[in-house]
Amino acid sequence: STELLSVNNLVTTFRTADGEIPAVRNISFSVNKSETLCIVGESGCGKSITSLSIMGLLPSNGSIKSGSIQLEGTDLTKLTTDELRKIRGNKISMIFQEPMTALNPVITIGYQLREPLMIHQKLSKQEANQKGIELLKQVGIPYPEKRMTQYPHELSGGMRQRVMIAISLACTPGLLIADEPTTALDVTIQSQILDLIHELQEQLGMGVIMVTHDMGVVAEIADKVMVMYAGEKIEEGPVEEIFNHPSHPYTRGLLSSVPNVDDPDFELEAIPGSTPSLNEQITGCRFHPRCEHALARCKVEVPKEFKIKDGHTVKCWLSEEDAI
Ligand code: SF4
Ligand code: MG
């Protein structure tokens, strides 16, 4: 099979002064080779915590409570810190909006780019240098030859972010996890980077998980989409299904808050209300306080996950009659 990653019944919690609170509530999904899964939702929905859980990079008060994360047959939740470190930057790479793993300040950009290429792609130093220059060009860095000889502090913040992206991609990971990687970049650079990611997917079969709230990015790169709300997966499906037949009221709200430039009469329709805090006790459907379609049962009965088409699931009572 071409399955790369399989997350099953993942529960991630945080210890706080108010007790243990769940941030990711029993979610399952998978990513195949060469496939792009976009995880979408408002901030605080658990999408970043989901990717940090996979990377084994949860903050110290966070932990995976139950479930499994299988990467090509290895359960990452069973690995030691050392074993996980080896997998990161080799089999899995992550690009952050705010790079958590800072560039090494005392080593040149060139060295930091060549090293993974020499280790993972077995290139000679000269080939790695050439490839490094190419990668810098591809992430929109002018004068790449000169940049190779510079140290991180000689670059602007935006340049450093792009260098980080180039280094993550130089590792040619089997799985790339990108958390809002292009939000701070201008549109041209953003689409250049998305193109580069796509190219590596085709060449190397890299699987991608892209965490984003930008439906434009989703439309451009997703094969499938997982929508999260208040720690739960509330809808998942192939990208055409999600855009053409969004079924959960929250997904429909998210999509209608995207301005449509082709439609002059279009009005931006935000979803009223806000995401509940993680420890908020909500009975029934966690979306019911904001849902204009809520039925009486929604306030008391947790909706089941209904499959309405192959690969398309919805956690909403309204989809019960469409279940296959
Ligand atoms: Fe709305 Fe009920 Fe569906 Fe929840 S289950 S999204 S409250 S209709
Ligand atoms: Mg986030």
# chains A, B, ... in the order shown; residues from 1 in each chain; ligands from 1
$ select_by_dssp --residues "region 148-284 of chain A" --states "strand (DSSP E)" --output "list in words"
Leu175, Leu176, Ile177, Ala178, Asp179, Gly207, Val208, Ile209, Met210, Val211, Thr212, Lys224, Val225, Met226, Val227, Met228, Tyr229, Glu232, Lys233, Ile234, Glu235, Glu236, Gly237 and Pro238 of chain A
$ write_last_selection --atoms "C-alpha atoms" --output "PDB file, in the first residue's frame"
ATOM      1  CA  LEU A 175       6.535  13.379   5.415  1.00  0.00           C
ATOM      2  CA  LEU A 176       6.534  17.161   5.549  1.00  0.00           C
ATOM      3  CA  ILE A 177       4.424  18.896   8.168  1.00  0.00           C
ATOM      4  CA  ALA A 178       3.963  22.585   7.514  1.00  0.00           C
ATOM      5  CA  ASP A 179       2.156  24.769  10.049  1.00  0.00           C
ATOM      6  CA  GLY A 207       3.476  13.211   1.856  1.00  0.00           C
ATOM      7  CA  VAL A 208       2.436  16.624   3.160  1.00  0.00           C
ATOM      8  CA  ILE A 209       0.323  17.780   6.071  1.00  0.00           C
ATOM      9  CA  MET A 210      -0.404  21.465   5.732  1.00  0.00           C
ATOM     10  CA  VAL A 211      -1.980  23.240   8.672  1.00  0.00           C
ATOM     11  CA  THR A 212      -3.666  26.393   7.480  1.00  0.00           C
ATOM     12  CA  LYS A 224      -7.910  15.965   0.977  1.00  0.00           C
ATOM     13  CA  VAL A 225      -9.092  18.207   3.749  1.00  0.00           C
ATOM     14  CA  MET A 226      -9.689  17.593   7.431  1.00  0.00           C
ATOM     15  CA  VAL A 227     -11.748  20.206   9.244  1.00  0.00           C
ATOM     16  CA  MET A 228     -11.241  20.499  12.993  1.00  0.00           C
ATOM     17  CA  TYR A 229     -13.393  22.229  15.558  1.00  0.00           C
ATOM     18  CA  GLU A 232     -12.435  17.234  17.074  1.00  0.00           C
ATOM     19  CA  LYS A 233     -12.396  16.197  13.455  1.00  0.00           C
ATOM     20  CA  ILE A 234     -15.806  17.294  12.272  1.00  0.00           C
ATOM     21  CA  GLU A 235     -15.483  16.690   8.529  1.00  0.00           C
ATOM     22  CA  GLU A 236     -13.016  15.061   6.170  1.00  0.00           C
ATOM     23  CA  GLY A 237     -13.056  14.475   2.455  1.00  0.00           C
ATOM     24  CA  PRO A 238     -11.387  14.851  -0.930  1.00  0.00           C
TER      25      PRO A 238
END
$ residues_near_ligand --ligand "ligand 2" --cutoff "8 Å" --atoms "only C-alpha atoms and all ligand atoms" --output "number ranges by chain"
A: 43-44, 46-49, 179-180, 211-212
$ closest_atom_pairs --of "chain A" --to "ligand 1" --cutoff "10 Å" --atoms "only C-alpha atoms and all ligand atoms" --output "JSON lines"
{"residue": "A:Ile234", "atom": "CA", "partner": "ligand 1", "partner_atom_place_in_ligand_line": "6 (S)", "distance": 8.4}
{"residue": "A:Ser247", "atom": "CA", "partner": "ligand 1", "partner_atom_place_in_ligand_line": "3 (Fe)", "distance": 9.0}
{"residue": "A:His248", "atom": "CA", "partner": "ligand 1", "partner_atom_place_in_ligand_line": "6 (S)", "distance": 5.9}
{"residue": "A:Pro249", "atom": "CA", "partner": "ligand 1", "partner_atom_place_in_ligand_line": "6 (S)", "distance": 5.4}
{"residue": "A:Tyr250", "atom": "CA", "partner": "ligand 1", "partner_atom_place_in_ligand_line": "6 (S)", "distance": 6.6}
{"residue": "A:Thr251", "atom": "CA", "partner": "ligand 1", "partner_atom_place_in_ligand_line": "6 (S)", "distance": 9.3}
{"residue": "A:Gly284", "atom": "CA", "partner": "ligand 1", "partner_atom_place_in_ligand_line": "4 (Fe)", "distance": 7.8}
{"residue": "A:Cys285", "atom": "CA", "partner": "ligand 1", "partner_atom_place_in_ligand_line": "4 (Fe)", "distance": 4.6}
{"residue": "A:Arg286", "atom": "CA", "partner": "ligand 1", "partner_atom_place_in_ligand_line": "4 (Fe)", "distance": 6.7}
{"residue": "A:Phe287", "atom": "CA", "partner": "ligand 1", "partner_atom_place_in_ligand_line": "4 (Fe)", "distance": 5.1}
{"residue": "A:His288", "atom": "CA", "partner": "ligand 1", "partner_atom_place_in_ligand_line": "7 (S)", "distance": 3.6}
{"residue": "A:Pro289", "atom": "CA", "partner": "ligand 1", "partner_atom_place_in_ligand_line": "7 (S)", "distance": 7.2}
{"residue": "A:Arg290", "atom": "CA", "partner": "ligand 1", "partner_atom_place_in_ligand_line": "7 (S)", "distance": 7.6}
{"residue": "A:Cys291", "atom": "CA", "partner": "ligand 1", "partner_atom_place_in_ligand_line": "1 (Fe)", "distance": 4.6}
{"residue": "A:Glu292", "atom": "CA", "partner": "ligand 1", "partner_atom_place_in_ligand_line": "1 (Fe)", "distance": 6.7}
{"residue": "A:His293", "atom": "CA", "partner": "ligand 1", "partner_atom_place_in_ligand_line": "8 (S)", "distance": 4.7}
{"residue": "A:Ala294", "atom": "CA", "partner": "ligand 1", "partner_atom_place_in_ligand_line": "7 (S)", "distance": 3.9}
{"residue": "A:Leu295", "atom": "CA", "partner": "ligand 1", "partner_atom_place_in_ligand_line": "2 (Fe)", "distance": 5.6}
{"residue": "A:Ala296", "atom": "CA", "partner": "ligand 1", "partner_atom_place_in_ligand_line": "2 (Fe)", "distance": 8.2}
{"residue": "A:Arg297", "atom": "CA", "partner": "ligand 1", "partner_atom_place_in_ligand_line": "2 (Fe)", "distance": 7.4}
{"residue": "A:Cys298", "atom": "CA", "partner": "ligand 1", "partner_atom_place_in_ligand_line": "2 (Fe)", "distance": 4.4}
{"residue": "A:Lys299", "atom": "CA", "partner": "ligand 1", "partner_atom_place_in_ligand_line": "7 (S)", "distance": 7.0}
{"residue": "A:Val300", "atom": "CA", "partner": "ligand 1", "partner_atom_place_in_ligand_line": "7 (S)", "distance": 9.8}
{"residue": "A:Glu301", "atom": "CA", "partner": "ligand 1", "partner_atom_place_in_ligand_line": "5 (S)", "distance": 8.3}
{"residue": "A:Val302", "atom": "CA", "partner": "ligand 1", "partner_atom_place_in_ligand_line": "5 (S)", "distance": 7.4}
{"residue": "A:Pro303", "atom": "CA", "partner": "ligand 1", "partner_atom_place_in_ligand_line": "5 (S)", "distance": 5.3}
{"residue": "A:Lys304", "atom": "CA", "partner": "ligand 1", "partner_atom_place_in_ligand_line": "5 (S)", "distance": 8.5}
{"residue": "A:Glu305", "atom": "CA", "partner": "ligand 1", "partner_atom_place_in_ligand_line": "5 (S)", "distance": 9.9}
{"residue": "A:Val314", "atom": "CA", "partner": "ligand 1", "partner_atom_place_in_ligand_line": "3 (Fe)", "distance": 8.9}
{"residue": "A:Lys315", "atom": "CA", "partner": "ligand 1", "partner_atom_place_in_ligand_line": "5 (S)", "distance": 6.9}
{"residue": "A:Cys316", "atom": "CA", "partner": "ligand 1", "partner_atom_place_in_ligand_line": "3 (Fe)", "distance": 3.7}
{"residue": "A:Trp317", "atom": "CA", "partner": "ligand 1", "partner_atom_place_in_ligand_line": "5 (S)", "distance": 4.3}
{"residue": "A:Leu318", "atom": "CA", "partner": "ligand 1", "partner_atom_place_in_ligand_line": "8 (S)", "distance": 5.4}
{"residue": "A:Ser319", "atom": "CA", "partner": "ligand 1", "partner_atom_place_in_ligand_line": "3 (Fe)", "distance": 7.7}
{"residue": "A:Glu320", "atom": "CA", "partner": "ligand 1", "partner_atom_place_in_ligand_line": "5 (S)", "distance": 9.6}
$ closest_atom_pairs --of "region 54-128 of chain A" --to "region 26-29 of chain A" --cutoff "10 Å" --atoms "only C-alpha atoms" --output "JSON lines"
{"residue": "A:Lys65", "atom": "CA", "partner": "A:Asn26", "partner_atom": "CA", "distance": 9.7}
{"residue": "A:Ser66", "atom": "CA", "partner": "A:Asn26", "partner_atom": "CA", "distance": 8.2}
{"residue": "A:Gly67", "atom": "CA", "partner": "A:Asn26", "partner_atom": "CA", "distance": 7.6}
{"residue": "A:Ser68", "atom": "CA", "partner": "A:Ser28", "partner_atom": "CA", "distance": 9.1}
{"residue": "A:Ile69", "atom": "CA", "partner": "A:Ser28", "partner_atom": "CA", "distance": 9.2}
$ write_last_selection --atoms "C-alpha atoms" --output "CSV table (one decimal), in the first residue's frame"
chain,number,residue,atom,x,y,z
A,65,LYS,CA,-3.0,10.2,26.3
A,66,SER,CA,-4.1,7.4,23.9
A,67,GLY,CA,-4.1,6.4,20.3
A,68,SER,CA,-1.3,5.6,17.8
A,69,ILE,CA,0.7,7.4,15.2
$ select_by_dssp --residues "region 17-219 of chain A" --states "helix (DSSP H, G or I)" --output "number ranges by chain"
A: 47-55, 76-78, 81-87, 109-120, 125-138, 144-148, 152-154, 157-170, 187-204, 215-219
$ residues_around --residues "region 167-174 of chain A" --least-positions-apart "6" --cutoff "7 Å" --atoms "only C-alpha atoms" --output "PyMOL selection string"
chain A and resi 89-95+113+116-117+120+206-207
$ residues_around --residues "Tyr151 (chain A)" --least-positions-apart "4" --cutoff "8 Å" --atoms "only C-alpha atoms" --output "list in words"
Pro105, Val106, Ile107, Thr108, Ile109 and Leu155 of chain A
